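These notes are about the structure you will find just below.
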Amino acid sequence: MTDPGIVVDASSLVEYALNDLRALPIDELLRELREDTGGPVLIPWLAVDEAQQILGDDPAALKRLEEFVGAHGVRFADAEMVKAVDLMVAGSDLSHGLAHAALLSLLTGASLATYAAPTLARAGYGMRRVLDLDEIFRDE
Amino acid sequence: MLVLDRAPGASADLRRLRDRGHQVKTQATPTVWVSPYRRYPDFMRRPEVELSDAAARYVEEHPGVIEKLAGGIPDGSRPALTAEQKAHLRNRLHEARAYAGSIEGRTEADAFLVKVGLRR
């Protein structure tokens with residue numbers, strides 16, 4: 001069976017770009033995909049946009065983000081997707097990037113890697129396909 | 001008049017404008033939360049914190065990690081995840097992948113996609 005890979009949201013992109021301790025789980029997932037399954041990394045355009053805004057004053061992080069996006073490509077949102085994202089955002093406190101990532105995960109079967117899992121849970125999103133990257137840093 | 005409450009000192013400016021009788025509106029909280037420590041690095045100071053046992057253990061096992069985080073991590077001296085953390089992540093990835101491919105997972109996905117108009 002072909003591995004559907006992972007989807008990343010803005011929180012993952014930001015932490016990856018900042019390249020500190022919280023980038024480690026993302027590095028590990030990328031290594032797993034590269035060496036084990038060969039699954040793709042899906043990057044929603046709306047999440048890239050948010051990550052760029054957050055990293056606005058950090059050229060080194062922006063460069064790392066740009067390289068990451070260049071290596072994997074982005075998934076743009078067509079009119080139908082934008083409408084669905086708007087619908088999700090209107091009924092919750094999800095950001096556009098997180099909603100886009102969540103929908104891509106549902107459409108492709110890819111697991112959603114995020115540091116914003118509690119926000120998704122509050123929005124009533126099914127959490128079994130979500131990789132809560134913060135989990136490994138929490139108390140057992 | 002629209003004033004964006006986005007910079008150190010903006011709250012004082014807003015109060016001043018209100019005192020002068022201006023109608024002041026603040027922008028709603030953005031959907032993407034950015035830590036104030038990151039947004040105003042020269043303005044905010046992190047409070048003294050007491051580390052949880054797990055965090056204290058991690059710092060003990062990885063000497064210098066706090067210093068590295070404060071000043072960025074030089075190449076070649078990055079901290080690493082423990083074997084346990086890596087295994088946990090790998091297991092979660094396999095579980096999530098198995099769920100997404102299961103009948104239950106596909107049914108859940110279809111129902112959600114119908115709800116937001118991406119599937120009929």
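Letters A, B, ... go to the chains of the structure tokens in the order shown; residues in each chain start at 1; ligands are counted from 1 in the same order.
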Hey, what's within 9 Å of Asp93 (chain A) if we count only C-alpha atoms and toss same-chain stuff fewer than 5 positions away? As a count of residues only, please? 6
Excluding Gly56 (chain A) and residues on its chain fewer than 3 positions from it, collect all residues at most 12 Å away from it, counting only C-alpha atoms, and give them as a ChimeraX atom specification. /A:14,17-18,48-53,59-63,65 /B:34,38-39
Can I get the selection written as a PDB file, in the first residue's frame, with N, CA, C and O atoms?
```pdb
ATOM      1  N   VAL A  14       6.476  26.449  11.308  1.00  0.00           N
ATOM      2  CA  VAL A  14       7.205  27.460  12.084  1.00  0.00           C
ATOM      3  C   VAL A  14       8.286  26.805  12.941  1.00  0.00           C
ATOM      4  O   VAL A  14       9.438  27.242  12.959  1.00  0.00           O
ATOM      5  N   ALA A  17      11.087  25.594  10.824  1.00  0.00           N
ATOM      6  CA  ALA A  17      11.904  26.703  10.314  1.00  0.00           C
ATOM      7  C   ALA A  17      12.780  27.306  11.417  1.00  0.00           C
ATOM      8  O   ALA A  17      13.915  27.711  11.163  1.00  0.00           O
ATOM      9  N   LEU A  18      12.263  27.340  12.647  1.00  0.00           N
ATOM     10  CA  LEU A  18      13.050  27.904  13.756  1.00  0.00           C
ATOM     11  C   LEU A  18      14.175  26.961  14.177  1.00  0.00           C
ATOM     12  O   LEU A  18      15.144  27.373  14.822  1.00  0.00           O
ATOM     13  N   VAL A  48       1.464  27.834   4.745  1.00  0.00           N
ATOM     14  CA  VAL A  48       2.738  28.498   4.421  1.00  0.00           C
ATOM     15  C   VAL A  48       2.584  30.008   4.621  1.00  0.00           C
ATOM     16  O   VAL A  48       3.444  30.671   5.200  1.00  0.00           O
ATOM     17  N   ASP A  49       1.463  30.514   4.165  1.00  0.00           N
ATOM     18  CA  ASP A  49       1.184  31.940   4.280  1.00  0.00           C
ATOM     19  C   ASP A  49       1.211  32.373   5.754  1.00  0.00           C
ATOM     20  O   ASP A  49       1.830  33.375   6.120  1.00  0.00           O
ATOM     21  N   GLU A  50       0.563  31.593   6.606  1.00  0.00           N
ATOM     22  CA  GLU A  50       0.550  31.914   8.041  1.00  0.00           C
ATOM     23  C   GLU A  50       1.947  31.811   8.647  1.00  0.00           C
ATOM     24  O   GLU A  50       2.356  32.659   9.441  1.00  0.00           O
ATOM     25  N   ALA A  51       2.670  30.770   8.263  1.00  0.00           N
ATOM     26  CA  ALA A  51       4.025  30.578   8.808  1.00  0.00           C
ATOM     27  C   ALA A  51       4.914  31.756   8.419  1.00  0.00           C
ATOM     28  O   ALA A  51       5.698  32.249   9.238  1.00  0.00           O
ATOM     29  N   GLN A  52       4.770  32.227   7.184  1.00  0.00           N
ATOM     30  CA  GLN A  52       5.582  33.374   6.745  1.00  0.00           C
ATOM     31  C   GLN A  52       5.267  34.612   7.581  1.00  0.00           C
ATOM     32  O   GLN A  52       6.165  35.372   7.937  1.00  0.00           O
ATOM     33  N   GLN A  53       3.997  34.792   7.896  1.00  0.00           N
ATOM     34  CA  GLN A  53       3.615  35.957   8.718  1.00  0.00           C
ATOM     35  C   GLN A  53       4.231  35.849  10.115  1.00  0.00           C
ATOM     36  O   GLN A  53       4.731  36.829  10.660  1.00  0.00           O
ATOM     37  N   PRO A  59      14.955  36.193   9.084  1.00  0.00           N
ATOM     38  CA  PRO A  59      15.356  35.794   7.729  1.00  0.00           C
ATOM     39  C   PRO A  59      15.892  34.368   7.644  1.00  0.00           C
ATOM     40  O   PRO A  59      15.632  33.663   6.671  1.00  0.00           O
ATOM     41  N   ALA A  60      16.621  33.926   8.674  1.00  0.00           N
ATOM     42  CA  ALA A  60      17.190  32.577   8.629  1.00  0.00           C
ATOM     43  C   ALA A  60      16.072  31.534   8.623  1.00  0.00           C
ATOM     44  O   ALA A  60      16.106  30.551   7.871  1.00  0.00           O
ATOM     45  N   ALA A  61      15.058  31.766   9.474  1.00  0.00           N
ATOM     46  CA  ALA A  61      13.935  30.819   9.542  1.00  0.00           C
ATOM     47  C   ALA A  61      13.122  30.856   8.247  1.00  0.00           C
ATOM     48  O   ALA A  61      12.684  29.813   7.751  1.00  0.00           O
ATOM     49  N   LEU A  62      12.952  32.052   7.685  1.00  0.00           N
ATOM     50  CA  LEU A  62      12.201  32.167   6.436  1.00  0.00           C
ATOM     51  C   LEU A  62      12.908  31.413   5.311  1.00  0.00           C
ATOM     52  O   LEU A  62      12.266  30.778   4.478  1.00  0.00           O
ATOM     53  N   LYS A  63      14.233  31.479   5.330  1.00  0.00           N
ATOM     54  CA  LYS A  63      15.004  30.787   4.297  1.00  0.00           C
ATOM     55  C   LYS A  63      14.823  29.268   4.446  1.00  0.00           C
ATOM     56  O   LYS A  63      14.645  28.563   3.461  1.00  0.00           O
ATOM     57  N   LEU A  65      12.303  27.774   5.787  1.00  0.00           N
ATOM     58  CA  LEU A  65      10.927  27.473   5.371  1.00  0.00           C
ATOM     59  C   LEU A  65      10.844  27.392   3.844  1.00  0.00           C
ATOM     60  O   LEU A  65      10.243  26.470   3.287  1.00  0.00           O
TER      61      LEU A  65
ATOM     62  N   VAL B  34       0.782  33.874  18.342  1.00  0.00           N
ATOM     63  CA  VAL B  34       2.235  33.991  18.347  1.00  0.00           C
ATOM     64  C   VAL B  34       2.653  34.376  19.757  1.00  0.00           C
ATOM     65  O   VAL B  34       2.103  35.313  20.334  1.00  0.00           O
ATOM     66  N   ARG B  38       8.124  35.829  21.424  1.00  0.00           N
ATOM     67  CA  ARG B  38       8.654  35.816  20.061  1.00  0.00           C
ATOM     68  C   ARG B  38       8.295  37.118  19.338  1.00  0.00           C
ATOM     69  O   ARG B  38       9.052  37.674  18.573  1.00  0.00           O
ATOM     70  N   ARG B  39       7.096  37.612  19.627  1.00  0.00           N
ATOM     71  CA  ARG B  39       6.634  38.805  18.929  1.00  0.00           C
ATOM     72  C   ARG B  39       7.392  40.059  19.406  1.00  0.00           C
ATOM     73  O   ARG B  39       7.708  40.935  18.624  1.00  0.00           O
TER      74      ARG B  39
END
```
Chain A contacts to chain B at 6 Å (only C-alpha atoms) as a ChimeraX atom specification: /A:84,95,106,109,111,128-129,139
Would you mind listing what lies within 9 Å of region 33-45 of chain A as a PyMOL selection string, with only C-alpha atoms counted and same-chain residues fewer than 4 positions away left out? chain A and resi 2-10+13+28-29+49-50+69+72-77+97-98+100-101+104-105+110
Let me see the file: selected residues, N, CA and C atoms, as a PDB file, in the first residue's frame.
```pdb
ATOM      1  N   THR A   2       0.532   2.222  -0.835  1.00  0.00           N
ATOM      2  CA  THR A   2       1.316   3.455  -0.884  1.00  0.00           C
ATOM      3  C   THR A   2       1.053   4.284   0.366  1.00  0.00           C
ATOM      4  N   ASP A   3       2.127   4.809   0.940  1.00  0.00           N
ATOM      5  CA  ASP A   3       1.965   5.627   2.144  1.00  0.00           C
ATOM      6  C   ASP A   3       1.431   7.006   1.746  1.00  0.00           C
ATOM      7  N   PRO A   4       0.300   7.432   2.336  1.00  0.00           N
ATOM      8  CA  PRO A   4      -0.235   8.762   2.001  1.00  0.00           C
ATOM      9  C   PRO A   4       0.605   9.902   2.568  1.00  0.00           C
ATOM     10  N   GLY A   5       1.549   9.601   3.465  1.00  0.00           N
ATOM     11  CA  GLY A   5       2.462  10.630   3.975  1.00  0.00           C
ATOM     12  C   GLY A   5       1.895  11.451   5.118  1.00  0.00           C
ATOM     13  N   ILE A   6       2.422  12.648   5.284  1.00  0.00           N
ATOM     14  CA  ILE A   6       1.944  13.532   6.355  1.00  0.00           C
ATOM     15  C   ILE A   6       1.591  14.915   5.783  1.00  0.00           C
ATOM     16  N   VAL A   7       0.676  15.586   6.479  1.00  0.00           N
ATOM     17  CA  VAL A   7       0.364  16.985   6.181  1.00  0.00           C
ATOM     18  C   VAL A   7       0.905  17.807   7.334  1.00  0.00           C
ATOM     19  N   VAL A   8       1.500  18.945   7.041  1.00  0.00           N
ATOM     20  CA  VAL A   8       1.978  19.821   8.112  1.00  0.00           C
ATOM     21  C   VAL A   8       1.165  21.114   8.107  1.00  0.00           C
ATOM     22  N   ASP A   9       0.949  21.679   9.289  1.00  0.00           N
ATOM     23  CA  ASP A   9       0.237  22.958   9.376  1.00  0.00           C
ATOM     24  C   ASP A   9       1.249  24.061   9.707  1.00  0.00           C
ATOM     25  N   ALA A  10       0.746  25.275   9.950  1.00  0.00           N
ATOM     26  CA  ALA A  10       1.648  26.414  10.188  1.00  0.00           C
ATOM     27  C   ALA A  10       2.504  26.199  11.441  1.00  0.00           C
ATOM     28  N   LEU A  13       5.345  24.027  10.511  1.00  0.00           N
ATOM     29  CA  LEU A  13       6.260  24.742   9.603  1.00  0.00           C
ATOM     30  C   LEU A  13       7.114  25.745  10.372  1.00  0.00           C
ATOM     31  N   GLU A  28      12.302  13.900  12.766  1.00  0.00           N
ATOM     32  CA  GLU A  28      12.187  12.453  12.922  1.00  0.00           C
ATOM     33  C   GLU A  28      11.126  11.886  11.965  1.00  0.00           C
ATOM     34  N   LEU A  29      10.008  12.606  11.831  1.00  0.00           N
ATOM     35  CA  LEU A  29       8.968  12.155  10.897  1.00  0.00           C
ATOM     36  C   LEU A  29       9.489  12.178   9.460  1.00  0.00           C
ATOM     37  N   ASP A  49       1.463  30.514   4.165  1.00  0.00           N
ATOM     38  CA  ASP A  49       1.184  31.940   4.280  1.00  0.00           C
ATOM     39  C   ASP A  49       1.211  32.373   5.754  1.00  0.00           C
ATOM     40  N   GLU A  50       0.563  31.593   6.606  1.00  0.00           N
ATOM     41  CA  GLU A  50       0.550  31.914   8.041  1.00  0.00           C
ATOM     42  C   GLU A  50       1.947  31.811   8.647  1.00  0.00           C
ATOM     43  N   VAL A  69       9.692  24.226   1.608  1.00  0.00           N
ATOM     44  CA  VAL A  69       8.572  24.301   0.666  1.00  0.00           C
ATOM     45  C   VAL A  69       9.069  23.968  -0.748  1.00  0.00           C
ATOM     46  N   HIS A  72       9.431  20.161  -1.185  1.00  0.00           N
ATOM     47  CA  HIS A  72       8.241  19.293  -1.184  1.00  0.00           C
ATOM     48  C   HIS A  72       7.082  19.837  -2.014  1.00  0.00           C
ATOM     49  N   GLY A  73       7.122  21.122  -2.361  1.00  0.00           N
ATOM     50  CA  GLY A  73       6.017  21.717  -3.108  1.00  0.00           C
ATOM     51  C   GLY A  73       4.856  22.072  -2.192  1.00  0.00           C
ATOM     52  N   VAL A  74       3.915  22.846  -2.702  1.00  0.00           N
ATOM     53  CA  VAL A  74       2.747  23.212  -1.885  1.00  0.00           C
ATOM     54  C   VAL A  74       1.466  22.751  -2.561  1.00  0.00           C
ATOM     55  N   ARG A  75       0.432  22.570  -1.736  1.00  0.00           N
ATOM     56  CA  ARG A  75      -0.899  22.263  -2.247  1.00  0.00           C
ATOM     57  C   ARG A  75      -1.723  23.538  -2.208  1.00  0.00           C
ATOM     58  N   PHE A  76      -2.075  24.038  -3.377  1.00  0.00           N
ATOM     59  CA  PHE A  76      -2.882  25.257  -3.417  1.00  0.00           C
ATOM     60  C   PHE A  76      -4.334  24.933  -3.090  1.00  0.00           C
ATOM     61  N   ALA A  77      -5.088  25.955  -2.755  1.00  0.00           N
ATOM     62  CA  ALA A  77      -6.496  25.766  -2.422  1.00  0.00           C
ATOM     63  C   ALA A  77      -7.345  26.328  -3.559  1.00  0.00           C
ATOM     64  N   GLY A  97      -4.928  28.156   7.825  1.00  0.00           N
ATOM     65  CA  GLY A  97      -3.902  27.173   7.502  1.00  0.00           C
ATOM     66  C   GLY A  97      -4.178  25.828   8.152  1.00  0.00           C
ATOM     67  N   LEU A  98      -4.636  25.871   9.397  1.00  0.00           N
ATOM     68  CA  LEU A  98      -4.919  24.614  10.121  1.00  0.00           C
ATOM     69  C   LEU A  98      -6.131  23.912   9.506  1.00  0.00           C
ATOM     70  N   HIS A 100      -7.107  24.187   6.380  1.00  0.00           N
ATOM     71  CA  HIS A 100      -6.659  23.659   5.083  1.00  0.00           C
ATOM     72  C   HIS A 100      -5.893  22.351   5.294  1.00  0.00           C
ATOM     73  N   ALA A 101      -5.023  22.326   6.288  1.00  0.00           N
ATOM     74  CA  ALA A 101      -4.241  21.114   6.575  1.00  0.00           C
ATOM     75  C   ALA A 101      -5.175  19.968   6.988  1.00  0.00           C
ATOM     76  N   LEU A 104      -6.965  18.639   3.925  1.00  0.00           N
ATOM     77  CA  LEU A 104      -6.051  17.859   3.076  1.00  0.00           C
ATOM     78  C   LEU A 104      -5.819  16.472   3.664  1.00  0.00           C
ATOM     79  N   SER A 105      -5.714  16.416   4.991  1.00  0.00           N
ATOM     80  CA  SER A 105      -5.512  15.140   5.668  1.00  0.00           C
ATOM     81  C   SER A 105      -6.701  14.207   5.414  1.00  0.00           C
ATOM     82  N   ALA A 110      -3.509  11.294   4.577  1.00  0.00           N
ATOM     83  CA  ALA A 110      -2.224  11.582   5.220  1.00  0.00           C
ATOM     84  C   ALA A 110      -2.452  11.978   6.678  1.00  0.00           C
TER      85      ALA A 110
END
```
Write down as a ChimeraX atom specification the residues belonging to chain A that are assigned strand (DSSP E or B) by DSSP computed on the backbone. /A:6-8,41-42,44,75,111-114,130-132
Would you output that residue set with all heavy atoms, as a short mmCIF file (atom, residue, chain, number, x, y, z; two decimals), in the first residue's frame?
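Just written: again18.cif:
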```cif
data_model
loop_
_atom_site.label_atom_id
_atom_site.label_comp_id
_atom_site.auth_asym_id
_atom_site.auth_seq_id
_atom_site.Cartn_x
_atom_site.Cartn_y
_atom_site.Cartn_z
N ILE A 6 2.42 12.65 5.28
CA ILE A 6 1.94 13.53 6.35
C ILE A 6 1.59 14.92 5.78
O ILE A 6 2.14 15.32 4.76
CB ILE A 6 2.98 13.71 7.49
CG1 ILE A 6 4.29 14.32 6.97
CG2 ILE A 6 3.25 12.41 8.21
CD1 ILE A 6 5.22 14.80 8.07
N VAL A 7 0.68 15.59 6.48
CA VAL A 7 0.36 16.98 6.18
C VAL A 7 0.91 17.81 7.33
O VAL A 7 0.79 17.40 8.49
CB VAL A 7 -1.16 17.24 6.12
CG1 VAL A 7 -1.45 18.66 5.66
CG2 VAL A 7 -1.84 16.26 5.19
N VAL A 8 1.50 18.95 7.04
CA VAL A 8 1.98 19.82 8.11
C VAL A 8 1.16 21.11 8.11
O VAL A 8 0.74 21.56 7.05
CB VAL A 8 3.48 20.15 7.95
CG1 VAL A 8 4.34 18.95 8.27
CG2 VAL A 8 3.79 20.67 6.56
N VAL A 41 5.36 14.65 1.81
CA VAL A 41 5.04 15.68 2.81
C VAL A 41 4.13 16.68 2.10
O VAL A 41 4.53 17.27 1.09
CB VAL A 41 6.31 16.40 3.31
CG1 VAL A 41 5.95 17.50 4.29
CG2 VAL A 41 7.27 15.41 3.93
N LEU A 42 2.90 16.83 2.60
CA LEU A 42 1.95 17.73 1.95
C LEU A 42 1.94 19.06 2.70
O LEU A 42 1.73 19.09 3.91
CB LEU A 42 0.55 17.13 1.96
CG LEU A 42 0.43 15.69 1.41
CD1 LEU A 42 -1.00 15.20 1.51
CD2 LEU A 42 0.90 15.64 -0.03
N PRO A 44 0.13 22.66 2.90
CA PRO A 44 -0.98 23.49 2.43
C PRO A 44 -0.53 24.95 2.26
O PRO A 44 0.14 25.49 3.13
CB PRO A 44 -2.02 23.40 3.55
CG PRO A 44 -1.47 22.43 4.54
CD PRO A 44 -0.02 22.28 4.31
N ARG A 75 0.43 22.57 -1.74
CA ARG A 75 -0.90 22.26 -2.25
C ARG A 75 -1.72 23.54 -2.21
O ARG A 75 -1.98 24.07 -1.13
CB ARG A 75 -1.59 21.19 -1.38
CG ARG A 75 -0.85 19.88 -1.34
CD ARG A 75 -0.82 19.28 -2.73
NE ARG A 75 -0.03 18.07 -2.77
CZ ARG A 75 -0.57 16.85 -2.95
NH1 ARG A 75 -1.85 16.70 -3.08
NH2 ARG A 75 0.22 15.80 -2.99
N SER A 111 -1.50 11.66 7.54
CA SER A 111 -1.62 12.03 8.96
C SER A 111 -1.26 13.50 9.12
O SER A 111 -0.36 14.00 8.46
CB SER A 111 -0.66 11.19 9.81
OG SER A 111 -0.80 9.84 9.47
N LEU A 112 -1.97 14.17 10.03
CA LEU A 112 -1.76 15.60 10.22
C LEU A 112 -0.80 15.84 11.39
O LEU A 112 -1.13 15.54 12.53
CB LEU A 112 -3.11 16.28 10.47
CG LEU A 112 -3.13 17.74 10.89
CD1 LEU A 112 -2.32 18.60 9.94
CD2 LEU A 112 -4.55 18.25 10.95
N ALA A 113 0.39 16.35 11.08
CA ALA A 113 1.40 16.61 12.12
C ALA A 113 1.29 18.07 12.56
O ALA A 113 1.48 18.97 11.75
CB ALA A 113 2.79 16.33 11.57
N THR A 114 1.01 18.27 13.85
CA THR A 114 0.76 19.64 14.30
C THR A 114 1.12 19.85 15.77
O THR A 114 1.13 18.90 16.56
CB THR A 114 -0.74 19.99 14.12
OG1 THR A 114 -0.99 21.31 14.60
CG2 THR A 114 -1.64 19.03 14.88
N VAL A 130 -4.44 12.49 13.81
CA VAL A 130 -3.59 13.65 14.12
C VAL A 130 -2.35 13.21 14.91
O VAL A 130 -2.45 12.44 15.87
CB VAL A 130 -4.39 14.68 14.95
CG1 VAL A 130 -3.49 15.83 15.39
CG2 VAL A 130 -5.56 15.21 14.14
N LEU A 131 -1.19 13.71 14.50
CA LEU A 131 0.04 13.47 15.26
C LEU A 131 0.30 14.70 16.11
O LEU A 131 0.69 15.75 15.59
CB LEU A 131 1.21 13.25 14.30
CG LEU A 131 1.08 12.07 13.34
CD1 LEU A 131 2.19 12.09 12.32
CD2 LEU A 131 1.10 10.77 14.12
N ASP A 132 0.04 14.57 17.40
CA ASP A 132 0.23 15.68 18.33
C ASP A 132 1.73 15.76 18.67
O ASP A 132 2.22 14.99 19.49
CB ASP A 132 -0.62 15.43 19.58
CG ASP A 132 -0.46 16.52 20.61
OD1 ASP A 132 0.35 17.44 20.39
OD2 ASP A 132 -1.15 16.44 21.65
#
```
Have a look at CA of Ala121 (chain A) and CA of Glu135 (chain A) and let me know their distance in Å, one decimal. 13.7 Å
Quick one, how far is CA of His62 (chain B) from CA of Glu15 (chain A)?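 Result for CA of His62 (chain B) versus CA of Glu15 (chain A): 19.9 Å, one decimal.
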